[in-house]
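Undergrad: File entry-v3.tsv below, TSV, C-alpha atoms and all ligand atoms:
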chain	number	residue	atom	x	y	z
A	1	MET	CA	181.68	79.83	146.08
A	2	LYS	CA	182.10	77.37	143.24
A	3	ALA	CA	179.31	77.05	140.66
A	4	ILE	CA	178.96	74.16	138.20
A	5	THR	CA	176.99	75.25	135.15
A	6	VAL	CA	174.76	72.84	133.23
A	7	GLY	CA	173.50	73.90	129.81
A	8	GLU	CA	170.77	72.36	127.66
A	9	ARG	CA	173.07	69.90	125.86
A	10	GLU	CA	174.57	68.57	129.10
A	11	LEU	CA	171.11	68.26	130.64
A	12	ARG	CA	169.82	66.27	127.67
A	13	GLU	CA	172.84	63.98	127.71
A	14	ALA	CA	172.63	63.44	131.47
A	15	VAL	CA	168.90	62.85	132.08
A	16	THR	CA	166.48	60.60	130.19
A	17	MET	CA	162.75	61.30	130.12
A	18	LYS	CA	162.07	58.13	132.11
A	19	GLU	CA	164.49	59.28	134.85
A	20	ALA	CA	162.83	62.70	134.86
A	21	ILE	CA	159.35	61.16	135.18
A	22	ASP	CA	160.45	58.93	138.07
A	23	ALA	CA	162.14	61.85	139.84
A	24	VAL	CA	159.13	64.13	139.45
A	25	ARG	CA	156.80	61.33	140.63
A	26	ARG	CA	158.89	60.87	143.79
A	27	GLY	CA	158.87	64.65	144.28
A	28	PHE	CA	155.06	64.80	144.26
A	29	VAL	CA	154.82	61.87	146.68
A	30	ASP	CA	157.16	63.76	149.04
A	31	LEU	CA	155.10	66.93	148.53
A	32	ALA	CA	151.97	65.04	149.65
A	33	GLY	CA	153.95	63.74	152.62
A	34	GLY	CA	154.72	67.28	153.82
A	35	GLU	CA	158.42	67.02	152.93
A	36	PHE	CA	158.54	70.35	151.10
A	37	GLU	CA	158.44	73.99	152.02
A	38	MET	CA	157.17	75.47	148.76
A	39	PRO	CA	155.73	78.99	148.64
A	40	THR	CA	153.45	79.96	145.77
A	41	ARG	CA	155.65	81.59	143.15
A	42	THR	CA	156.12	85.29	142.76
A	43	ALA	CA	154.81	86.62	139.45
A	44	LEU	CA	155.94	90.06	138.33
A	45	ARG	CA	154.65	92.08	135.36
A	46	ASP	CA	151.61	89.75	135.10
A	47	GLY	CA	153.75	86.63	134.84
A	48	GLN	CA	156.50	87.91	132.55
A	49	PHE	CA	159.00	87.36	135.36
A	50	LEU	CA	158.64	84.46	137.81
A	51	VAL	CA	160.53	83.42	140.95
A	52	MET	CA	160.05	79.90	142.33
A	53	SER	CA	161.59	78.02	145.24
A	54	ALA	CA	161.33	74.69	147.04
A	55	HIS	CA	163.11	73.35	150.11
A	56	HIS	CA	163.20	69.58	150.74
A	57	ARG	CA	163.39	69.12	154.47
A	58	SER	CA	165.00	65.69	154.85
A	59	THR	CA	167.86	66.39	152.41
A	60	ALA	CA	168.26	70.05	153.48
A	61	SER	CA	168.41	70.96	149.81
A	62	ALA	CA	166.77	73.82	147.95
A	63	MET	CA	166.02	74.90	144.38
A	64	PHE	CA	165.57	78.50	143.29
A	65	LYS	CA	164.39	79.37	139.77
A	66	THR	CA	164.04	82.69	138.01
A	67	LEU	CA	162.25	82.90	134.66
A	68	SER	CA	161.62	85.47	131.99
A	69	VAL	CA	158.60	84.66	129.76
A	70	ASN	CA	158.02	86.47	126.46
A	71	PHE	CA	155.93	84.87	123.68
A	72	GLU	CA	157.22	87.39	121.13
A	73	ARG	CA	160.64	85.81	121.55
A	74	LYS	CA	161.86	82.28	120.77
A	75	PRO	CA	162.56	80.59	123.07
A	76	ALA	CA	159.71	82.13	125.06
A	77	ILE	CA	161.12	80.93	128.40
A	78	THR	CA	164.65	81.66	129.66
A	79	GLY	CA	166.23	81.80	133.08
A	80	THR	CA	168.29	80.11	135.75
A	81	VAL	CA	167.87	77.20	138.16
A	82	VAL	CA	170.14	77.19	141.22
A	83	TRP	CA	170.59	74.08	143.42
A	84	SER	CA	171.93	74.47	146.92
A	85	GLU	CA	172.49	72.09	149.84
A	86	THR	CA	173.10	73.05	153.47
A	87	GLY	CA	176.70	72.16	154.27
A	88	ARG	CA	178.02	72.36	150.70
A	89	LEU	CA	179.97	75.27	149.33
A	90	ASP	CA	179.38	74.46	145.66
A	91	HIS	CA	176.15	75.22	143.80
A	92	LEU	CA	174.72	73.92	140.57
A	93	VAL	CA	173.38	76.44	138.06
A	94	ALA	CA	171.28	75.08	135.19
A	95	ASP	CA	169.53	76.45	132.11
A	96	ALA	CA	165.96	77.05	133.32
A	97	GLY	CA	164.46	76.86	129.83
A	98	ALA	CA	165.69	73.28	129.44
A	99	VAL	CA	164.81	72.27	133.01
A	100	THR	CA	161.34	73.76	132.60
A	101	ALA	CA	160.57	71.89	129.37
A	102	LEU	CA	161.85	68.60	130.81
A	103	ARG	CA	160.01	68.85	134.12
A	104	THR	CA	156.80	70.06	132.45
A	105	GLY	CA	156.96	67.02	130.19
A	106	ALA	CA	157.83	64.79	133.13
A	107	VAL	CA	154.81	65.80	135.21
A	108	VAL	CA	152.56	65.12	132.23
A	109	GLY	CA	154.20	61.69	132.00
A	110	VAL	CA	153.42	61.04	135.67
A	111	ALA	CA	149.78	62.13	135.29
A	112	THR	CA	149.25	60.31	132.00
A	113	ASP	CA	150.66	57.12	133.47
A	114	LEU	CA	148.26	57.43	136.41
A	115	LEU	CA	145.13	58.50	134.54
A	116	ALA	CA	145.14	57.41	130.89
A	117	PRO	CA	143.79	54.00	129.84
A	118	PRO	CA	146.61	51.43	129.61
A	119	ASP	CA	146.22	50.98	125.84
A	120	ALA	CA	145.87	54.68	124.92
A	121	GLY	CA	148.27	55.42	122.06
A	122	ARG	CA	146.67	58.12	119.92
A	123	LEU	CA	147.87	61.57	121.01
A	124	THR	CA	146.75	64.99	119.82
A	125	LEU	CA	149.13	67.75	120.90
A	126	ILE	CA	147.92	71.34	120.56
A	127	GLY	CA	150.74	73.91	120.57
A	128	ALA	CA	154.06	73.20	118.83
A	129	GLY	CA	156.28	75.57	120.79
A	130	GLY	CA	159.12	75.17	123.26
A	131	GLN	CA	157.24	72.83	125.61
A	132	ALA	CA	155.92	70.59	122.86
A	133	PRO	CA	158.78	68.08	122.25
A	134	ASP	CA	158.94	67.00	125.89
A	135	GLN	CA	155.15	66.72	126.09
A	136	VAL	CA	155.33	64.13	123.31
A	137	ARG	CA	158.40	62.37	124.74
A	138	ALA	CA	156.78	62.09	128.17
A	139	VAL	CA	153.51	60.63	126.89
A	140	HIS	CA	155.43	58.24	124.62
A	141	ALA	CA	157.53	57.11	127.62
A	142	VAL	CA	154.44	55.94	129.53
A	143	ARG	CA	151.98	55.14	126.70
A	144	PRO	CA	153.89	54.13	123.55
A	145	LEU	CA	152.30	56.09	120.73
A	146	ARG	CA	150.66	54.65	117.61
A	147	GLN	CA	149.62	58.03	116.22
A	148	LEU	CA	150.60	61.65	116.89
A	149	THR	CA	148.70	64.65	115.53
A	150	VAL	CA	150.33	68.03	116.13
A	151	VAL	CA	148.06	71.07	115.91
A	152	ASP	CA	149.33	74.63	115.82
A	153	ALA	CA	147.78	77.88	114.69
A	154	ASP	CA	150.98	78.16	112.62
A	155	ARG	CA	151.13	74.95	110.57
A	156	SER	CA	154.84	75.39	109.79
A	157	ARG	CA	155.57	75.04	113.51
A	158	ALA	CA	153.59	71.79	113.64
A	159	GLN	CA	155.49	70.49	110.63
A	160	ALA	CA	158.85	71.51	112.10
A	161	LEU	CA	158.03	69.67	115.32
A	162	ILE	CA	157.04	66.50	113.47
A	163	GLY	CA	160.29	66.72	111.48
A	164	ALA	CA	162.34	67.10	114.65
A	165	LEU	CA	160.61	64.25	116.52
A	166	GLU	CA	160.41	61.77	113.63
A	167	PRO	CA	163.74	60.01	114.43
A	168	GLU	CA	162.54	59.41	118.02
A	169	LEU	CA	159.19	57.95	116.96
A	170	PRO	CA	159.80	55.09	114.52
A	171	GLY	CA	156.59	53.36	113.45
A	172	VAL	CA	154.35	56.15	114.81
A	173	GLU	CA	151.89	57.68	112.34
A	174	LEU	CA	152.69	61.43	112.29
A	175	LEU	CA	150.11	64.03	111.24
A	176	THR	CA	149.70	67.82	111.41
A	177	ALA	CA	146.53	69.92	111.59
A	178	THR	CA	145.42	73.48	112.15
A	179	ASP	CA	141.91	72.70	113.43
A	180	ALA	CA	142.04	71.56	117.05
A	181	VAL	CA	138.33	70.72	117.15
A	182	SER	CA	138.51	68.00	114.51
A	183	ALA	CA	141.95	66.84	115.69
A	184	VAL	CA	140.72	65.91	119.19
A	185	ARG	CA	137.69	63.92	117.95
A	186	ARG	CA	139.46	60.56	117.86
A	187	ALA	CA	142.23	61.26	120.38
A	188	GLU	CA	142.85	58.94	123.32
A	189	ILE	CA	145.18	61.46	124.95
A	190	VAL	CA	145.22	65.24	124.38
A	191	CYS	CA	148.05	67.57	125.43
A	192	CYS	CA	147.44	71.32	125.45
A	193	ALA	CA	150.61	73.45	125.43
A	194	THR	CA	149.59	76.84	124.05
A	195	ASN	CA	149.48	80.39	125.32
A	196	ALA	CA	145.75	80.58	124.45
A	197	THR	CA	143.33	82.79	126.38
A	198	SER	CA	140.13	80.89	125.47
A	199	PRO	CA	139.27	77.16	125.28
A	200	LEU	CA	140.94	75.29	122.41
A	201	PHE	CA	137.91	73.04	121.74
A	202	PRO	CA	134.38	72.51	123.10
A	203	GLU	CA	133.78	69.58	125.45
A	204	SER	CA	131.46	68.05	122.81
A	205	ALA	CA	134.41	67.61	120.41
A	206	LEU	CA	136.05	65.00	122.66
A	207	PRO	CA	135.37	61.27	122.55
A	208	ALA	CA	133.59	59.64	125.51
A	209	GLN	CA	136.88	58.26	126.84
A	210	VAL	CA	139.93	60.53	126.84
A	211	HIS	CA	142.70	61.83	129.08
A	212	VAL	CA	143.53	65.54	128.69
A	213	ASN	CA	146.68	67.27	129.96
A	214	ALA	CA	146.73	71.07	130.00
A	215	ILE	CA	149.94	72.87	130.87
A	216	GLY	CA	149.69	76.07	128.81
A	217	ALA	CA	147.65	78.46	130.96
A	218	TYR	CA	149.58	79.75	133.96
A	219	ARG	CA	147.83	83.06	134.54
A	220	PRO	CA	144.19	83.82	135.48
A	221	THR	CA	143.75	85.48	132.08
A	222	MET	CA	144.76	82.32	130.17
A	223	ARG	CA	142.55	79.28	129.41
A	224	GLU	CA	142.82	76.15	127.30
A	225	LEU	CA	139.93	74.03	128.59
A	226	PRO	CA	136.16	74.62	128.63
A	227	ASP	CA	134.23	74.62	131.95
A	228	GLU	CA	132.04	71.74	130.70
A	229	LEU	CA	135.06	69.44	130.37
A	230	LEU	CA	136.21	70.18	133.92
A	231	ALA	CA	132.66	69.64	135.17
A	232	SER	CA	132.34	66.22	133.50
A	233	SER	CA	135.82	64.83	134.27
A	234	THR	CA	137.96	63.59	137.13
A	235	VAL	CA	140.26	66.60	137.59
A	236	VAL	CA	143.76	66.21	139.04
A	237	VAL	CA	145.89	69.34	139.57
A	238	ASP	CA	149.56	69.79	140.37
A	239	GLU	CA	148.91	71.80	143.54
A	240	LEU	CA	145.68	73.28	144.81
A	241	ASP	CA	146.98	76.66	146.04
A	242	ALA	CA	148.87	77.17	142.80
A	243	VAL	CA	145.95	76.43	140.45
A	244	LEU	CA	143.54	78.50	142.54
A	245	GLU	CA	145.87	81.47	142.14
A	246	GLU	CA	147.07	80.95	138.56
A	247	SER	CA	145.01	78.58	136.41
A	248	GLY	CA	142.58	80.57	134.26
A	249	GLU	CA	140.50	77.48	133.52
A	250	ILE	CA	140.14	76.40	137.18
A	251	ILE	CA	139.36	79.95	138.33
A	252	HIS	CA	136.82	80.40	135.49
A	253	ALA	CA	135.08	77.08	136.17
A	254	LEU	CA	134.88	77.81	139.92
A	255	GLU	CA	133.51	81.32	139.36
A	256	ALA	CA	130.96	79.99	136.85
A	257	GLY	CA	129.83	77.38	139.40
A	258	ALA	CA	130.74	74.55	137.00
A	259	ILE	CA	132.99	72.87	139.60
A	260	THR	CA	133.74	73.13	143.30
A	261	LYS	CA	137.13	73.03	145.01
A	262	ASP	CA	136.24	69.61	146.47
A	263	ALA	CA	136.27	68.19	142.94
A	264	LEU	CA	140.00	68.90	142.57
A	265	THR	CA	142.53	66.25	143.60
A	266	GLU	CA	146.22	67.05	143.98
A	267	LEU	CA	148.61	64.86	142.01
A	268	GLY	CA	150.61	63.88	145.12
A	269	THR	CA	147.43	62.72	146.85
A	270	ALA	CA	146.32	60.78	143.78
A	271	LEU	CA	149.74	59.09	143.61
A	272	THR	CA	149.75	58.10	147.26
A	273	ALA	CA	146.13	56.93	147.34
A	274	PRO	CA	145.33	55.84	143.78
A	275	THR	CA	141.70	55.12	142.91
A	276	ALA	CA	140.91	51.96	140.98
A	277	GLU	CA	138.56	53.75	138.58
A	278	TYR	CA	138.94	57.40	137.56
A	279	GLY	CA	136.04	57.46	135.10
A	280	LYS	CA	136.12	57.78	131.34
A	281	ARG	CA	137.27	61.38	131.17
A	282	THR	CA	140.26	62.60	133.12
A	283	VAL	CA	142.00	65.97	133.13
A	284	PHE	CA	145.40	66.90	134.49
A	285	LYS	CA	145.87	70.65	134.94
A	286	SER	CA	149.34	71.93	135.74
A	287	VAL	CA	150.54	75.50	136.15
A	288	GLY	CA	153.99	74.19	137.10
A	289	VAL	CA	155.31	74.07	140.66
A	290	ALA	CA	158.80	74.25	142.11
A	291	VAL	CA	158.93	70.62	143.30
A	292	GLN	CA	159.25	69.63	139.63
A	293	ASP	CA	162.32	71.83	139.17
A	294	TRP	CA	163.74	70.59	142.48
A	295	ALA	CA	163.37	66.99	141.27
A	296	ILE	CA	165.30	67.64	138.05
A	297	ALA	CA	167.90	69.81	139.79
A	298	ARG	CA	168.49	67.00	142.28
A	299	LEU	CA	169.16	64.55	139.43
A	300	LEU	CA	171.64	67.05	138.01
A	301	ALA	CA	173.29	67.60	141.39
A	302	ASP	CA	173.72	63.82	141.81
A	303	LYS	CA	175.38	63.64	138.40
A	304	PHE	CA	177.43	66.86	138.29
A	305	LEU	CA	178.39	67.75	141.87
A	306	ALA	CA	181.14	65.44	143.08
A	401	LIG	N1	152.50	74.48	133.29
A	401	LIG	C1	153.80	74.64	133.22
A	401	LIG	O1	154.53	74.13	134.04
A	401	LIG	C2	154.40	75.39	132.08
A	401	LIG	C3	155.77	75.31	131.84
A	401	LIG	C4	156.29	76.00	130.76
A	401	LIG	C5	155.47	76.74	129.94
A	401	LIG	N2	154.15	76.81	130.23
A	401	LIG	C6	153.24	77.56	129.37
A	401	LIG	O2	152.94	76.73	128.26
A	401	LIG	C7	152.61	77.54	127.14
A	401	LIG	C8	153.46	77.11	125.95
A	401	LIG	O3	154.82	77.39	126.23
A	401	LIG	P1	155.91	77.35	125.07
A	401	LIG	O4	157.21	77.61	125.71
A	401	LIG	O5	155.73	76.11	124.27
A	401	LIG	O6	155.42	78.61	124.23
A	401	LIG	P2	155.68	78.94	122.69
A	401	LIG	O7	155.36	80.37	122.49
A	401	LIG	O8	157.02	78.41	122.30
A	401	LIG	O9	154.60	78.03	121.91
A	401	LIG	C9	153.20	78.23	121.99
A	401	LIG	C10	152.60	77.64	120.71
A	401	LIG	O10	151.17	77.61	120.85
A	401	LIG	C11	150.61	77.97	119.59
A	401	LIG	N3	149.24	78.44	119.82
A	401	LIG	C12	148.85	79.51	120.57
A	401	LIG	N4	147.50	79.59	120.58
A	401	LIG	C13	147.05	78.54	119.84
A	401	LIG	C14	145.74	78.06	119.50
A	401	LIG	N5	144.65	78.70	119.93
A	401	LIG	N6	145.64	76.95	118.74
A	401	LIG	C15	146.75	76.31	118.29
A	401	LIG	N7	148.02	76.71	118.59
A	401	LIG	C16	148.15	77.81	119.36
A	401	LIG	C17	151.54	79.05	119.05
A	401	LIG	O11	151.41	79.19	117.64
A	401	LIG	C18	152.91	78.50	119.46
A	401	LIG	O12	153.46	77.64	118.45
A	401	LIG	C19	152.88	78.98	127.58
A	401	LIG	O13	151.67	79.58	127.98
A	401	LIG	C20	153.81	78.80	128.75
A	401	LIG	O14	153.82	79.87	129.64
A	401	LIG	C21	153.61	76.16	131.27
Could I get this structure in the form of structure tokens?

TA:
Amino acid sequence: MKAITVGERELREAVTMKEAIDAVRRGFVDLAGGEFEMPTRTALRDGQFLVMSAHHRSTASAMFKTLSVNFERKPAITGTVVWSETGRLDHLVADAGAVTALRTGAVVGVATDLLAPPDAGRLTLIGAGGQAPDQVRAVHAVRPLRQLTVVDADRSRAQALIGALEPELPGVELLTATDAVSAVRRAEIVCCATNATSPLFPESALPAQVHVNAIGAYRPTMRELPDELLASSTVVVDELDAVLEESGEIIHALEAGAITKDALTELGTALTAPTAEYGKRTVFKSVGVAVQDWAIARLLADKFLA
């Protein structure tokens, strides 16, 4: 066996955010078309270790990812992505932390492009950790930003993120805050990327028209969004089975009777049968599914496997 290894630097040099968004969009369209075999991921030690896999039928290719998640450690997410194709002897092995951040940004780019108003350009990002830079890059790729407010419980992390992103965001007004409630009041787009276990703001704090992405909660014990927001919004999810098993906010809202399963639309379905009008408030909830990793791994395989 021959393995080609792709680290974070090579990944960043090889794949732009726009390419990642397009690849992840195509992946979700194929998912809706039944092209993937994609079991719900295995979570060990209450989500501290994860195993994910996806097989794309028509290309006979598969992606396997293992992750270790530990919020006491920076980076919180480490692991390995392996790409394999029937008939090939060589494999591609990539840094799962980098792939995860890129594909989690990319899916938010896909959803924001679909759901946010065309002129939305004021973003509030809550959570300035490992996922944060690609959340901003992805939104900026589909809705060029006029203003970015970064909120983190630890203000120095918000400031460090603004400092790191400044060269990529010329002309964008850059602000930091520690109070999420006031920071979402005038937002046109909100991204939640924290490891919080209770809602980051009440529904009443949001303006009448807003698109909210929430990627932080990936266990039933974690929540970023209040039930009232889910009840009063068009809610798109990455994959129904995955959010029913893992999203604390969806599980909580269903158990509280605030929403029903019928109110949830999968991203792939929304992409293949877009609605003209989604309403003034839209939410995209993602726990992260293997098709996203497959889409990025395929881009890498095209570029690195001869
Ligand atoms: N949906 C997905 O596909 C996906 C992918 C990767 C990571 N995640 C999840 O996203 C979350 C963030 O991941 P990360 O790698 O950036 O983690 P991280 O630990 O690097 O960063 C989390 C940040 O959130 C901040 N924070 C926590 N609670 C907060 C609150 N109540 N208000 C403001 N800030 C708060 C922390 O101070 C920290 O800076 C984690 O829960 C992770 O498991 C989801």

Undergrad: Is it possible to get the axis-aligned box enclosing stretch 36-42 of chain A (all listed atoms, 4 Å extra per side) as lines of an AutoDock Vina configuration file, with centre and edge lengths in Å rounded to one decimal?

TA:
center_x = 156.0
center_y = 77.8
center_z = 147.4
size_x = 13.1
size_y = 22.9
size_z = 17.3

Undergrad: Which residue gives the smallest distance to ligand LIG 401 (chain A) among A:Ala214, A:Ala14, A:Val6, A:Val136, with all atoms listed in the file counted?

TA: A:Ala214

Undergrad: Taking all atoms listed in the file into account, produce a table as JSON lines in which each residue of chain A with an atom at most 7 Å from an atom of ligand LIG 401 (chain A) appears once, together with its shortest atom pair and the distance in Å to one decimal, ordered by chain and rising number.

TA:
{"residue": "A:Val69", "atom": "CA", "partner": "A:LIG401", "partner_atom": "O14", "distance": 6.8}
{"residue": "A:Phe71", "atom": "CA", "partner": "A:LIG401", "partner_atom": "O7", "distance": 4.7}
{"residue": "A:Lys74", "atom": "CA", "partner": "A:LIG401", "partner_atom": "O8", "distance": 6.4}
{"residue": "A:Pro75", "atom": "CA", "partner": "A:LIG401", "partner_atom": "O8", "distance": 6.0}
{"residue": "A:Ala76", "atom": "CA", "partner": "A:LIG401", "partner_atom": "O4", "distance": 5.2}
{"residue": "A:Ile77", "atom": "CA", "partner": "A:LIG401", "partner_atom": "O4", "distance": 5.8}
{"residue": "A:Thr100", "atom": "CA", "partner": "A:LIG401", "partner_atom": "C4", "distance": 5.8}
{"residue": "A:Ala101", "atom": "CA", "partner": "A:LIG401", "partner_atom": "C4", "distance": 6.1}
{"residue": "A:Thr104", "atom": "CA", "partner": "A:LIG401", "partner_atom": "O1", "distance": 4.9}
{"residue": "A:Ile126", "atom": "CA", "partner": "A:LIG401", "partner_atom": "C15", "distance": 5.6}
{"residue": "A:Gly127", "atom": "CA", "partner": "A:LIG401", "partner_atom": "O10", "distance": 3.7}
{"residue": "A:Ala128", "atom": "CA", "partner": "A:LIG401", "partner_atom": "O12", "distance": 4.5}
{"residue": "A:Gly129", "atom": "CA", "partner": "A:LIG401", "partner_atom": "O9", "distance": 3.2}
{"residue": "A:Gly130", "atom": "CA", "partner": "A:LIG401", "partner_atom": "O5", "distance": 3.7}
{"residue": "A:Gln131", "atom": "CA", "partner": "A:LIG401", "partner_atom": "O5", "distance": 3.9}
{"residue": "A:Ala132", "atom": "CA", "partner": "A:LIG401", "partner_atom": "O5", "distance": 5.7}
{"residue": "A:Val151", "atom": "CA", "partner": "A:LIG401", "partner_atom": "C15", "distance": 5.9}
{"residue": "A:Asp152", "atom": "CA", "partner": "A:LIG401", "partner_atom": "N7", "distance": 3.7}
{"residue": "A:Ala153", "atom": "CA", "partner": "A:LIG401", "partner_atom": "C15", "distance": 4.1}
{"residue": "A:Asp154", "atom": "CA", "partner": "A:LIG401", "partner_atom": "O11", "distance": 5.1}
{"residue": "A:Arg157", "atom": "CA", "partner": "A:LIG401", "partner_atom": "O12", "distance": 6.0}
{"residue": "A:Thr178", "atom": "CA", "partner": "A:LIG401", "partner_atom": "C15", "distance": 6.9}
{"residue": "A:Ala180", "atom": "CA", "partner": "A:LIG401", "partner_atom": "N6", "distance": 6.7}
{"residue": "A:Ala193", "atom": "CA", "partner": "A:LIG401", "partner_atom": "C8", "distance": 4.7}
{"residue": "A:Thr194", "atom": "CA", "partner": "A:LIG401", "partner_atom": "O10", "distance": 3.7}
{"residue": "A:Asn195", "atom": "CA", "partner": "A:LIG401", "partner_atom": "O13", "distance": 3.5}
{"residue": "A:Ala196", "atom": "CA", "partner": "A:LIG401", "partner_atom": "N4", "distance": 4.4}
{"residue": "A:Leu200", "atom": "CA", "partner": "A:LIG401", "partner_atom": "N5", "distance": 5.6}
{"residue": "A:Ile215", "atom": "CA", "partner": "A:LIG401", "partner_atom": "N1", "distance": 3.9}
{"residue": "A:Gly216", "atom": "CA", "partner": "A:LIG401", "partner_atom": "O2", "distance": 3.4}
{"residue": "A:Ala217", "atom": "CA", "partner": "A:LIG401", "partner_atom": "O13", "distance": 5.1}
{"residue": "A:Tyr218", "atom": "CA", "partner": "A:LIG401", "partner_atom": "C21", "distance": 6.0}
{"residue": "A:Ser286", "atom": "CA", "partner": "A:LIG401", "partner_atom": "N1", "distance": 4.7}
{"residue": "A:Val287", "atom": "CA", "partner": "A:LIG401", "partner_atom": "N1", "distance": 3.6}
{"residue": "A:Gly288", "atom": "CA", "partner": "A:LIG401", "partner_atom": "O1", "distance": 3.1}
{"residue": "A:Val289", "atom": "CA", "partner": "A:LIG401", "partner_atom": "O1", "distance": 6.7}

Undergrad: Output C-alpha atoms for every residue in the selection just made, as a short mmCIF file (atom, residue, chain, number, x, y, z; two decimals), in the frame of the given file.

TA:
data_model
loop_
_atom_site.label_atom_id
_atom_site.label_comp_id
_atom_site.auth_asym_id
_atom_site.auth_seq_id
_atom_site.Cartn_x
_atom_site.Cartn_y
_atom_site.Cartn_z
CA VAL A 69 158.60 84.66 129.76
CA PHE A 71 155.93 84.87 123.68
CA LYS A 74 161.86 82.28 120.77
CA PRO A 75 162.56 80.59 123.07
CA ALA A 76 159.71 82.13 125.06
CA ILE A 77 161.12 80.93 128.40
CA THR A 100 161.34 73.76 132.60
CA ALA A 101 160.57 71.89 129.37
CA THR A 104 156.80 70.06 132.45
CA ILE A 126 147.92 71.34 120.56
CA GLY A 127 150.74 73.91 120.57
CA ALA A 128 154.06 73.20 118.83
CA GLY A 129 156.28 75.57 120.79
CA GLY A 130 159.12 75.17 123.26
CA GLN A 131 157.24 72.83 125.61
CA ALA A 132 155.92 70.59 122.86
CA VAL A 151 148.06 71.07 115.91
CA ASP A 152 149.33 74.63 115.82
CA ALA A 153 147.78 77.88 114.69
CA ASP A 154 150.98 78.16 112.62
CA ARG A 157 155.57 75.04 113.51
CA THR A 178 145.42 73.48 112.15
CA ALA A 180 142.04 71.56 117.05
CA ALA A 193 150.61 73.45 125.43
CA THR A 194 149.59 76.84 124.05
CA ASN A 195 149.48 80.39 125.32
CA ALA A 196 145.75 80.58 124.45
CA LEU A 200 140.94 75.29 122.41
CA ILE A 215 149.94 72.87 130.87
CA GLY A 216 149.69 76.07 128.81
CA ALA A 217 147.65 78.46 130.96
CA TYR A 218 149.58 79.75 133.96
CA SER A 286 149.34 71.93 135.74
CA VAL A 287 150.54 75.50 136.15
CA GLY A 288 153.99 74.19 137.10
CA VAL A 289 155.31 74.07 140.66
#

Undergrad: Go through A:Val108, A:Ala158, A:Ala297, A:Cys192 and flag the residue nearest A:Leu174, using all atoms listed in the file for the distances.

TA: A:Ala158

Undergrad: Would you please work out which residue, of A:Leu206, A:Ala94, A:Met17, A:Leu89, is nearest to A:His140 when using all atoms listed in the file?

TA: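 Checking each of A:Leu206, A:Ala94, A:Met17, A:Leu89 against A:His140, counting all atoms listed in the file, the winner is A:Met17.
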
Undergrad: Measure the distance from atom CA of A:Lys285 to atom CA of A:Asp262 in Å and round it to one decimal.

TA: 15.1 Å

Undergrad: What does the distance between atom CA of A:Glu203 and atom CA of A:Leu229 come to in Å, to one decimal place?

TA: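 Separation of atom CA of A:Glu203 and atom CA of A:Leu229: 5.1 Å.
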
Undergrad: With only C-alpha atoms counted and 10 Å as the cut-off, give the residues of stretch 159-256 of chain A in contact with stretch 23-41 of chain A, each with its shortest interatomic distance in Å and the pair that gives it, as CSV.

TA:
residue,atom,partner,partner_atom,distance
A:Asp238,CA,A:Phe28,CA,8.4
A:Glu239,CA,A:Leu31,CA,9.3
A:Asp241,CA,A:Thr40,CA,7.3
A:Ala242,CA,A:Thr40,CA,6.1
A:Val243,CA,A:Thr40,CA,9.8
A:Glu245,CA,A:Thr40,CA,8.5
A:Glu246,CA,A:Thr40,CA,9.7

Undergrad: Rounded to one decimal, what separation in Å do you get between atom CA of A:Val235 and atom CA of A:Ala263?

TA: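 Here the two named atoms are 6.9 Å from each other.
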
Undergrad: Identify, on the basis of only C-alpha atoms, every residue whose closest approach to A:Gly257 does not exceed 10 Å; exclude the query and any residue fewer than 5 positions from it along the same chain; express the result as a count of residues only.

TA: 4

Undergrad: Which residues are close to A:Cys191, i.e. within 6 Å by only C-alpha atoms, leaving aside same-chain residues fewer than 5 positions away? Reply as a PyMOL selection string.

TA: chain A and resi 125+212-214

Undergrad: Kindly indicate which residue among A:Leu11, A:Ala258, A:Ile189, A:Ala177 lies nearest to A:Gln135, using all atoms listed in the file for the distances.

TA: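 Looking at the shortest contact to A:Gln135, the residue is A:Ile189.
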
Undergrad: My list of candidates is A:His91, A:Arg155, A:His55, A:His211. Which is closest to A:Arg122 when distances are computed with all atoms listed in the file?

TA: A:His211

Undergrad: Excluding A:Ala138 and its own-chain neighbours fewer than 4 positions away, which residues fall within 7 Å of it when counting all atoms listed in the file? Please give them as a PyMOL selection string.

TA: chain A and resi 17+105-106+108-109+134+142

Undergrad: Go through A:Thr260, A:Pro133, A:Arg223, A:Ala98 and flag the residue nearest A:Ala160, using only C-alpha atoms for the distances.

TA: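 Going through A:Thr260, A:Pro133, A:Arg223, A:Ala98 one by one, the smallest distance to A:Ala160 is for A:Pro133.
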
Undergrad: Hey, what's within 9 Å of A:Thr234 if we count all atoms listed in the file and toss same-chain stuff fewer than 2 positions away? As a ChimeraX atom specification, please?

TA: /A:230-232,236,263-265,278-284
